[in-house]
file start00.txt (compact mmCIF, C-alpha atoms)
# COMPACT_ATOMS: atom_id res chain seq x y z
CA MET A 580 141.87 71.44 38.52
CA GLU A 581 141.54 74.86 36.95
CA ASN A 582 142.14 77.97 38.96
CA LEU A 583 138.91 79.70 39.89
CA SER A 584 139.03 83.15 38.44
CA THR A 585 136.41 85.13 40.36
CA GLN A 586 135.81 85.63 44.07
CA GLU A 587 132.18 84.56 43.68
CA GLU A 588 133.19 81.28 42.04
CA ARG A 589 135.74 80.60 44.77
CA GLU A 590 133.19 81.19 47.56
CA GLN A 591 130.58 79.00 45.84
CA PHE A 592 133.11 76.22 45.43
CA ILE A 593 134.10 76.41 49.08
CA ASP A 594 130.47 76.14 50.24
CA GLU A 595 129.84 73.09 48.04
CA PHE A 596 133.10 71.57 49.18
CA LEU A 597 132.26 72.01 52.88
CA ASP A 598 128.86 70.43 52.42
CA LYS A 599 130.37 67.47 50.62
CA VAL A 600 132.92 66.54 53.24
CA ASN A 601 130.76 67.65 56.20
CA ILE A 602 133.55 69.75 57.67
CA GLU A 603 131.15 71.58 60.02
CA GLU A 604 130.48 68.43 62.03
CA ASN A 605 134.10 67.45 62.36
CA SER A 606 135.87 70.81 62.30
CA ASN A 607 136.26 71.11 66.06
CA GLU A 608 137.85 67.68 66.33
CA LEU A 609 140.15 68.31 63.36
CA LEU A 610 141.21 71.70 64.62
CA GLU A 611 142.01 70.23 68.04
CA GLU A 612 144.28 67.67 66.41
CA ASP A 613 146.21 70.30 64.46
CA GLU A 614 145.67 74.00 65.09
CA ASP A 615 147.34 74.84 61.75
CA GLY A 616 144.67 72.98 59.78
CA GLN A 617 147.21 70.60 58.24
CA GLN A 618 145.12 67.55 59.13
CA ILE A 619 142.30 68.71 56.85
CA GLU A 620 144.60 69.23 53.90
CA GLU A 621 146.26 65.82 54.44
CA ASP A 622 142.94 63.97 54.57
CA ILE A 623 141.56 65.64 51.45
CA ALA A 624 143.68 65.04 48.35
CA TYR A 625 141.74 67.28 46.02
CA VAL A 626 142.00 70.62 47.81
CA PRO A 627 141.94 73.19 44.96
CA THR A 628 145.20 75.03 44.35
CA GLY A 629 143.54 78.13 43.02
CA LEU A 630 142.11 79.31 46.32
CA ALA A 631 143.60 82.47 47.75
CA THR A 632 142.98 81.22 51.32
CA PRO A 633 143.35 77.57 52.41
CA VAL A 634 140.08 75.84 53.36
CA SER A 635 141.38 75.05 56.84
CA VAL A 636 142.04 78.70 57.61
CA ILE A 637 138.60 79.76 56.37
CA GLN A 638 136.93 77.07 58.45
CA LYS A 639 139.00 77.97 61.50
CA ASN A 640 137.94 81.61 61.22
CA LYS A 641 134.30 80.59 60.94
CA THR A 642 134.61 78.38 64.00
CA GLU A 643 136.17 81.20 66.02
CA GLN A 644 133.40 83.59 64.96
CA GLN A 645 130.75 81.08 66.06
CA LYS A 646 132.45 80.68 69.43
CA GLU A 647 132.54 84.46 69.84
CA LYS A 648 128.82 84.70 69.13
CA LYS A 649 128.07 82.03 71.73
CA LYS A 650 130.08 83.94 74.33
CA LYS A 651 127.98 87.05 73.72
CA LYS A 652 124.70 85.25 74.40
CA LYS A 653 123.29 86.36 77.74
CA LYS A 654 122.78 83.55 80.21
CA LYS A 655 119.26 83.28 81.59
CA SER A 656 118.68 83.13 85.30
CA LYS A 657 117.93 79.63 86.59
CA THR A 658 114.68 80.94 88.11
CA SER A 659 113.61 83.17 85.19
CA ASN A 660 110.89 80.76 84.03
CA LEU A 661 109.69 79.63 87.44
CA PRO A 662 106.28 80.75 88.73
CA GLU A 663 106.14 83.13 91.68
CA ALA A 664 105.48 81.54 95.06
CA GLY A 665 101.83 82.09 95.88
CA SER A 666 100.74 82.38 92.23
CA GLU A 667 97.73 80.51 90.84
CA LEU A 668 98.54 77.21 89.10
CA PRO A 669 96.40 75.55 86.39
CA ASP A 670 94.70 72.27 87.25
CA ASP A 671 96.94 70.38 84.81
CA TYR A 672 100.12 72.02 86.11
CA VAL A 673 103.29 70.02 85.59
CA GLU A 674 106.62 71.33 86.80
CA LYS A 675 109.25 72.40 84.30
CA HIS A 676 111.73 70.04 85.94
CA PRO A 677 110.83 66.33 85.70
CA GLU A 678 110.45 64.24 88.80
CA ASP A 679 113.64 62.89 90.31
CA LEU A 680 114.64 59.37 89.39
CA ILE A 681 113.35 57.62 92.48
CA ASP A 682 110.28 55.60 93.30
CA ASP A 683 107.04 57.58 93.26
CA PRO A 684 107.67 60.08 96.10
CA TYR A 685 103.91 60.54 96.62
CA ASP A 686 103.06 56.86 96.88
CA PRO A 687 100.42 56.59 99.65
CA GLU A 688 102.40 53.65 100.99
CA ASN A 689 105.15 56.10 101.97
CA PRO A 690 104.84 57.87 105.36
CA LEU A 691 102.96 61.17 105.15
CA SER A 692 105.93 62.99 106.66
CA GLN A 693 108.16 61.77 103.83
CA ARG A 694 105.66 62.77 101.14
CA VAL A 695 105.12 66.26 102.59
CA GLU A 696 108.83 66.81 103.10
CA TYR A 697 109.48 65.93 99.48
CA ALA A 698 106.63 68.20 98.33
CA ILE A 699 108.02 71.16 100.28
CA TRP A 700 111.42 70.65 98.74
CA LYS A 701 109.93 70.49 95.23
CA TYR A 702 107.77 73.56 95.87
CA ARG A 703 110.77 75.57 97.01
CA LYS A 704 112.82 74.36 94.06
CA ASN A 705 110.18 75.23 91.45
CA HIS A 706 109.04 78.64 92.72
CA LYS A 707 110.67 82.02 93.13
CA PHE A 708 110.54 83.56 96.61
CA THR A 709 111.21 87.12 97.69
CA ASP A 710 112.86 87.45 101.10
CA GLU A 711 109.56 88.58 102.65
CA ARG A 712 107.56 85.71 101.18
CA ARG A 713 110.19 83.18 102.17
CA SER A 714 110.04 84.53 105.72
CA ILE A 715 106.25 84.10 105.80
CA PHE A 716 106.41 80.62 104.29
CA ASP A 717 109.10 79.50 106.74
CA ASN A 718 107.12 80.94 109.66
CA TYR A 719 104.00 79.06 108.58
CA LEU A 720 105.93 75.78 108.28
CA ARG A 721 107.50 76.22 111.71
CA PHE A 722 104.11 76.96 113.20
CA GLY A 723 102.85 73.71 111.68
CA GLY A 724 105.59 71.77 113.46
CA ILE A 725 108.04 71.53 110.57
CA LYS A 726 111.65 72.12 111.46
CA THR A 727 113.54 74.31 109.02
CA GLY A 728 117.25 73.74 108.54
CA PRO A 729 119.57 71.33 106.66
CA ASN A 730 118.60 67.68 107.08
CA MET A 731 119.36 64.32 105.52
CA PHE A 732 116.43 64.48 103.15
CA LEU A 733 114.00 61.59 103.52
CA GLY A 734 116.76 59.47 105.05
CA ARG A 735 117.16 57.65 101.71
CA ALA A 736 120.73 58.31 100.62
CA THR A 737 124.17 58.97 101.99
CA SER A 738 127.40 59.98 100.30
CA ALA A 739 128.44 56.33 100.40
CA ASP A 740 125.40 55.35 98.32
CA ALA A 741 125.99 57.91 95.59
CA PRO A 742 128.92 56.31 93.66
CA ASP A 743 127.12 53.02 92.96
CA ASP A 744 123.47 53.96 92.73
CA PRO A 745 122.45 56.74 90.28
CA ASP A 746 119.07 57.11 91.96
CA ALA A 747 120.72 57.48 95.34
CA ALA A 748 123.08 60.04 93.85
CA ILE A 749 120.16 62.22 92.87
CA ASP A 750 118.59 61.81 96.29
CA PHE A 751 121.85 62.74 97.95
CA GLU A 752 122.04 65.95 95.92
CA ALA A 753 118.50 66.71 97.07
CA ALA A 754 119.50 65.96 100.64
CA LYS A 755 122.18 68.62 100.57
CA THR A 756 119.71 71.31 99.48
CA ALA A 757 116.62 70.35 101.50
CA ILE A 758 116.02 72.57 104.51
CA ASP A 759 112.77 71.24 105.99
CA SER A 760 112.20 68.26 108.27
CA VAL A 761 108.65 67.00 108.78
CA PRO A 762 108.03 65.04 112.00
CA ASP A 763 106.53 61.57 111.68
CA GLU A 764 102.76 61.66 112.15
CA LEU A 765 103.01 58.53 114.26
CA GLU A 766 105.10 60.25 116.91
CA GLU A 767 103.45 60.61 120.30
CA GLY A 768 101.58 63.89 120.59
CA MET A 769 101.60 64.54 116.83
CA GLU A 770 98.30 65.37 115.16
CA VAL A 771 97.79 66.10 111.46
CA ASN A 772 95.25 68.89 111.00
CA PHE A 773 95.75 71.17 107.99
CA THR A 774 92.57 73.13 108.72
CA GLU A 775 93.38 73.99 112.32
CA VAL A 776 96.93 75.03 111.44
CA ALA A 777 95.63 77.39 108.75
CA GLN A 778 92.89 78.77 110.99
CA VAL A 779 95.05 79.43 114.04
CA TYR A 780 97.98 80.75 112.04
CA LEU A 781 96.07 83.11 109.72
CA GLY A 782 93.37 83.99 112.23
CA ASN A 783 95.64 84.66 115.19
CA THR A 784 99.36 83.91 115.26
CA PHE A 785 100.33 85.66 112.02
CA ILE A 786 98.70 88.91 113.18
CA ARG A 787 100.48 88.75 116.54
CA GLU A 788 103.89 88.31 114.89
CA SER A 789 105.66 91.66 115.13
CA ARG A 790 107.87 90.90 112.10
CA PHE A 791 104.96 91.06 109.62
CA ILE A 792 103.64 94.60 109.62
CA SER A 793 103.10 95.76 106.04
CA LEU A 794 99.79 95.53 104.18
CA GLN A 795 101.58 93.47 101.51
CA ASN A 796 102.50 90.89 104.17
CA PHE A 797 98.80 90.56 105.03
CA ILE A 798 98.00 90.07 101.34
CA ASP A 799 100.82 87.61 100.69
CA ALA A 800 100.33 85.29 103.69
CA PRO A 801 96.97 83.72 102.73
CA ASN A 802 97.95 83.59 99.05
CA LEU A 803 101.19 81.75 99.83
CA ILE A 804 99.57 79.20 102.12
CA ASP A 805 96.65 78.59 99.77
CA ALA A 806 98.98 78.13 96.78
CA PHE A 807 101.05 75.58 98.70
CA LEU A 808 97.96 73.66 99.83
CA ARG A 809 96.71 73.60 96.24
CA TYR A 810 100.11 72.27 95.21
CA LEU A 811 99.58 69.39 97.64
CA GLN A 812 96.23 68.73 96.00
CA ILE A 813 97.56 68.85 92.44
CA ARG A 814 100.43 66.50 93.24
CA ARG A 815 98.17 64.15 95.23
CA VAL A 816 100.60 64.33 98.15
CA ALA A 817 98.11 63.43 100.90
CA PRO A 818 94.92 61.98 99.38
CA GLU A 819 93.88 60.62 102.78
CA TYR A 820 93.62 64.25 103.97
CA GLU A 821 91.87 65.59 100.87
CA GLU A 822 88.87 66.98 102.77
CA ASP A 823 91.07 68.47 105.50
CA ILE A 824 93.23 70.29 102.93
CA ALA A 825 90.09 71.55 101.14
CA ASN A 826 88.80 72.98 104.44
CA ALA A 827 92.16 74.63 105.07
CA ARG A 828 91.93 76.28 101.64
CA ALA A 829 88.44 77.54 102.56
CA ILE A 830 90.06 79.29 105.55
CA CYS A 831 92.63 80.80 103.17
CA ALA A 832 89.82 82.09 100.96
CA GLN A 833 88.36 83.99 103.92
CA ALA A 834 91.80 85.22 104.94
CA LYS A 835 92.47 86.67 101.49
CA ILE A 836 89.55 89.03 102.08
CA GLN A 837 89.75 89.65 105.80
CA LEU A 838 93.46 89.92 106.60
CA PRO A 839 93.98 93.08 104.48
CA MET A 840 90.81 94.50 106.11
CA CYS A 841 92.20 93.77 109.58
CA LYS A 842 95.43 95.54 108.69
CA LYS A 843 93.59 98.62 107.40
CA VAL A 844 91.35 98.82 110.46
CA SER A 845 94.35 98.46 112.74
CA SER A 846 96.04 101.43 111.10
CA LEU A 847 92.90 103.61 111.36
CA LEU A 848 91.70 102.88 114.90
CA PRO A 849 90.78 104.41 117.29
CA GLY A 850 89.73 107.07 114.76
CA LYS A 851 89.53 110.85 114.84
CA TYR A 852 86.47 111.11 117.11
CA ASN A 853 87.70 108.66 119.75
CA THR A 854 91.14 110.28 119.72
CA ALA A 855 89.51 113.64 120.38
CA CYS A 856 87.50 112.17 123.28
CA ALA A 857 90.69 110.81 124.85
CA ASP A 858 92.24 114.27 124.62
CA VAL A 859 89.22 116.17 125.96
CA PHE A 860 88.20 113.87 128.80
CA GLY A 861 91.71 113.24 130.03
CA ALA A 862 91.91 109.46 129.88
CA LEU A 863 95.51 109.84 131.00
CA ASP A 864 94.93 112.51 133.63
CA SER A 865 97.81 112.71 136.11
CA GLU A 866 95.42 111.99 138.99
CA MET A 867 94.49 108.59 137.55
CA ASP A 868 95.80 105.46 139.25
CA VAL A 869 98.39 103.98 136.91
CA SER A 870 99.82 101.43 139.37
CA TRP A 871 98.24 98.62 137.33
CA MET A 872 100.11 99.59 134.19
CA THR A 873 103.06 97.55 133.04
CA GLU A 874 106.11 99.18 131.52
CA THR A 875 104.93 98.11 128.06
CA THR A 876 101.44 99.56 128.60
CA LEU A 877 102.82 102.89 129.82
CA LYS A 878 105.03 103.08 126.74
CA ILE A 879 102.02 102.52 124.49
CA GLN A 880 100.00 105.16 126.36
CA LYS A 881 102.78 107.72 125.82
CA GLN A 882 102.90 106.84 122.14
CA PHE A 883 99.15 107.25 121.98
CA MET A 884 99.22 110.74 123.50
CA SER A 885 101.98 111.71 121.10
CA PHE A 886 99.72 110.49 118.30
CA VAL A 887 96.83 112.58 119.68
CA SER A 888 98.91 115.75 119.69
CA GLU A 889 100.17 115.11 116.18
CA LYS A 890 96.75 114.33 114.69
CA LEU A 891 94.64 116.95 116.43
CA GLY A 892 97.14 119.72 116.77
CA SER A 893 95.48 121.33 119.80
CA ASN A 894 92.97 120.70 122.56
CA GLU A 895 90.68 123.33 121.04
CA GLU A 896 90.33 121.40 117.82
CA ALA A 897 89.61 118.23 119.80
CA LYS A 898 86.84 120.03 121.69
CA LYS A 899 85.17 121.05 118.43
CA ILE A 900 85.16 117.45 117.27
CA VAL A 901 83.67 116.22 120.57
CA GLN A 902 81.10 119.03 120.70
CA SER A 903 79.70 117.98 117.34
CA ARG A 904 78.46 114.87 119.14
CA ILE A 905 78.25 115.85 122.85
CA LYS A 906 76.85 119.37 123.12
CA ASN A 907 77.46 120.00 126.84
CA PHE A 908 80.73 118.12 127.07
CA ASP A 909 82.03 120.44 129.84
CA SER A 910 79.65 118.79 132.30
CA VAL A 911 80.66 115.26 131.24
CA LYS A 912 83.32 113.39 133.18
CA LEU A 913 85.27 110.19 132.76
CA LEU A 914 83.92 107.49 135.08
CA GLU A 915 85.91 104.33 134.36
CA THR A 916 88.45 102.72 132.07
CA GLN A 917 88.52 99.05 131.07
CA ASP A 918 91.90 98.07 129.76
CA TRP A 919 92.65 95.63 126.95
CA VAL A 920 89.25 93.97 126.91
CA PHE A 921 88.95 91.13 124.41
CA VAL A 922 85.88 92.05 122.35
CA GLN A 923 84.01 90.88 119.29
CA VAL A 924 82.14 93.06 116.80
CA SER A 925 78.53 91.94 117.32
CA GLU A 926 76.63 94.61 115.40
CA ILE A 927 77.26 97.41 112.89
CA SER A 928 74.51 99.98 112.36
CA PRO A 929 73.37 100.45 108.74
CA TYR A 930 74.92 103.20 106.64
CA ASN A 931 74.74 104.07 102.95
CA GLU A 932 76.80 105.50 100.13
CA GLU A 933 75.76 109.02 101.09
CA THR A 934 77.40 108.63 104.49
CA GLY A 935 80.64 110.59 104.44
CA PRO A 936 83.97 108.85 105.24
CA ASP A 937 84.30 110.81 108.51
CA ASP A 938 80.64 110.46 109.51
CA LEU A 939 80.13 108.37 112.65
CA VAL A 940 78.57 104.88 112.62
CA GLN A 941 77.48 103.01 115.76
CA VAL A 942 79.28 99.72 116.44
CA ILE A 943 78.36 97.31 119.24
CA LEU A 944 81.24 95.41 120.85
CA LYS A 945 80.68 92.32 122.99
CA ASN A 946 83.00 91.22 125.78
CA CYS A 947 84.23 87.75 124.76
CA GLU A 948 84.99 86.76 128.36
CA ASP A 949 81.69 88.07 129.75
CA THR A 950 79.13 88.11 126.96
CA GLN A 951 76.66 90.07 129.11
CA ASP A 952 78.87 93.16 128.79
CA THR A 953 78.45 95.18 125.62
CA TYR A 954 79.86 98.54 124.58
CA SER A 955 78.42 100.95 122.04
CA VAL A 956 81.11 103.04 120.36
CA LEU A 957 81.21 105.43 117.42
CA LEU A 958 83.62 104.92 114.52
CA GLU A 959 84.12 106.77 111.25
CA LYS A 960 82.63 105.18 108.15
CA LYS A 961 86.08 104.73 106.58
CA ILE A 962 86.93 102.45 109.53
CA VAL A 963 83.62 100.59 109.57
CA GLU A 964 83.94 99.80 105.86
CA ASN A 965 86.75 97.41 106.76
CA LEU A 966 85.01 95.89 109.77
CA MET A 967 82.98 92.68 109.74
CA VAL A 968 80.62 91.30 112.37
CA GLY A 969 82.58 88.57 114.13
CA MET A 970 86.00 90.23 114.02
CA VAL A 971 87.79 90.40 117.37
CA ALA A 972 90.30 92.77 118.98
CA ARG A 973 91.92 93.90 122.21
CA VAL A 974 90.66 97.36 123.16
CA THR A 975 90.79 99.89 125.98
CA LEU A 976 87.36 101.44 126.60
CA CYS A 977 86.38 104.54 128.58
CA LYS A 978 82.93 105.21 130.03
CA LEU A 979 81.61 108.79 130.42
CA SER A 980 79.17 110.11 132.97
CA ASN A 981 76.51 110.52 130.27
CA GLY A 982 76.57 106.74 129.74
CA GLU A 983 78.51 106.78 126.47
CA TRP A 984 81.67 104.78 125.73
CA TYR A 985 84.60 105.74 123.58
CA LEU A 986 87.48 103.70 122.29
CA GLN A 987 90.77 104.89 123.71
CA SER A 988 92.94 102.39 121.84
CA ALA A 989 92.80 99.10 119.97
CA THR A 990 95.28 96.48 118.90
CA ARG A 991 95.45 93.11 117.15
CA ILE A 992 92.33 93.26 115.00
CA MET A 993 91.70 89.64 114.03
CA PRO A 994 89.33 88.02 111.50
CA THR A 995 85.97 86.33 112.02
CA PHE A 996 87.55 82.87 111.88
CA TYR A 997 89.83 83.66 114.84
CA MET A 998 90.85 80.60 116.83
CA GLU A 999 92.72 80.60 120.12
CA ASP A 1000 96.28 79.30 120.07
CA ASP A 1001 96.44 76.77 122.90
CA CYS A 1002 100.22 76.69 122.76
CA MET A 1003 100.70 80.42 123.40
CA THR A 1004 99.67 82.82 126.16
CA GLU A 1005 99.30 86.58 126.29
CA GLU A 1006 102.75 86.84 127.85
CA ASP A 1007 104.27 85.32 124.70
CA TYR A 1008 103.37 88.38 122.62
CA ASP A 1009 103.89 92.12 122.76
CA TYR A 1010 100.80 94.25 122.38

call {"tool": "encode", "arguments": {"input": "start00.txt", "output": "structure tokens"}}
result
Amino acid sequence: MENLSTQEEREQFIDEFLDKVNIEENSNELLEEDEDGQQIEEDIAYVPTGLATPVSVIQKNKTEQQKEKKKKKKKKSKTSNLPEAGSELPDDYVEKHPEDLIDDPYDPENPLSQRVEYAIWKYRKNHKFTDERRSIFDNYLRFGGIKTGPNMFLGRATSADAPDDPDAAIDFEAAKTAIDSVPDELEEGMEVNFTEVAQVYLGNTFIRESRFISLQNFIDAPNLIDAFLRYLQIRRVAPEYEEDIANARAICAQAKIQLPMCKKVSSLLPGKYNTACADVFGALDSEMDVSWMTETTLKIQKQFMSFVSEKLGSNEEAKKIVQSRIKNFDSVKLLETQDWVFVQVSEISPYNEETGPDDLVQVILKNCEDTQDTYSVLLEKKIVENLMVGMVARVTLCKLSNGEWYLQSATRIMPTFYMEDDCMTEEDYDY
């Protein structure tokens, strides 16, 4: 064969030659057999003698360059393409990861506990969780009677099964990562009620939990629970409880609106006017009988007075605020105090857009334990804007000698769908 005279001719010949013998597909194997490239030259009798660089060396260099490029590629996070926990899913949503190679995990013939346990595992696997959202989700599951912690997932596979059964091997891998155990619905004392769990948790227990205090927590909680319930619907996990799950989602829809409102009201109460009244009329006068107060209540009262001093600055400023409503306040005295009354908002007087944020609006509170007792208090418009008739709270009320009431303090503002938690008592929570 003639020597190839130009560099361009040599390169063209090499490309045609590589295509002909398909070196790219077999180069790795050939190079592994002989790092010097001798195997290529031995197998191909017509290697041109006019090449400045042997074909094997050229191919080896190309292979090394390709490997170098692959090393430089940035690895994507395993969760980079997963949806956020609590995000909306389309009706035709199908997970990125295919179902595990076992019998239909959502077969209605399977126990409900097994189906739900599998669904929780899949939901965790296919969604990204922040630490805060995971904490809320775990808390909701525990409240619903689901034990969180490593368990032998579904009881289907053991390490002994894995070597001989590929399906069991997959289940065993799942078993090692599953952290939730759902009790059997047939156990004595067990009752399946998605609606009641959602209503009590979002309308009561979640708000009492001292660990969830930020506004974002109050936004995330109903979104997370609703998204999980919708996941159960999409995957047809519990068709026999379809209506119950739908009702639970209706609770979540209310909670998405009301829980952030409850949090905002809680941060604003008792309001500037009521705080001024507490300062002027001496709700914590040293002559008052405080023998009924617990250590926790006294601590809260001290914090409240510290708040009064910080917000109002001086007693003189508080007097100006009170005088704008009670002209002859010097002749008015404090008659009685009712502590931590459980009340419901029964009426909110009309107001309009022209009403200023600090203008006072009348709100009627009804004693939930004695519905004959009602209390008329004044709250700033910016507070009332986040109140709804039917919301409930624990409040301390003070009655003046002129017949008016003011709100000394309030805690645990809860939504209109509040439901009592039969499993907990007041002693189980801090105010």

call {"tool": "atom_distance", "arguments": {"input": "start00.txt", "atom1": "atom CA of Met970 of chain A", "atom2": "atom CA of Leu944 of chain A"}}
result
9.8 Å

call {"tool": "atom_distance", "arguments": {"input": "start00.txt", "atom1": "atom CA of Arg828 of chain A", "atom2": "atom CA of Thr774 of chain A"}}
result
7.8 Å

call {"tool": "atom_distance", "arguments": {"input": "start00.txt", "atom1": "atom CA of Ala664 of chain A", "atom2": "atom CA of Arg703 of chain A"}}
result
8.2 Å

call {"tool": "residues_around", "arguments": {"input": "start00.txt", "residues": "Trp919 of chain A", "least_positions_apart": "6", "cutoff": "7 Å", "atoms": "only C-alpha atoms", "output": "ChimeraX atom specification"}}
result
/A:973-975

call {"tool": "residues_around", "arguments": {"input": "start00.txt", "residues": "Leu781 of chain A", "least_positions_apart": "3", "cutoff": "8 Å", "atoms": "all atoms listed in the file", "output": "ChimeraX atom specification"}}
result
/A:777-778,784-786,800-801,831,834,838

call {"tool": "closest_residue", "arguments": {"input": "start00.txt", "among": "A:Val940, A:Cys856, A:Ile927, A:Val971", "to": "Glu983 of chain A", "atoms": "all atoms listed in the file"}}
result
A:Cys856

call {"tool": "closest_residue", "arguments": {"input": "start00.txt", "among": "A:Asp918, A:Lys707, A:Arg815, A:Lys843", "to": "Pro662 of chain A", "atoms": "only C-alpha atoms"}}
result
A:Lys707

call {"tool": "residues_near_point", "arguments": {"input": "start00.txt", "point": "(90.6, 111.6, 110.6)", "cutoff": "8 Å", "atoms": "all atoms listed in the file", "output": "VMD selection string"}}
result
chain A and resid 850 to 852 890 937

call {"tool": "residues_near_point", "arguments": {"input": "start00.txt", "point": "(75.3, 115.4, 128.9)", "cutoff": "9 Å", "atoms": "all atoms listed in the file", "output": "PyMOL selection string"}}
result
chain A and resi 905-911+980-982
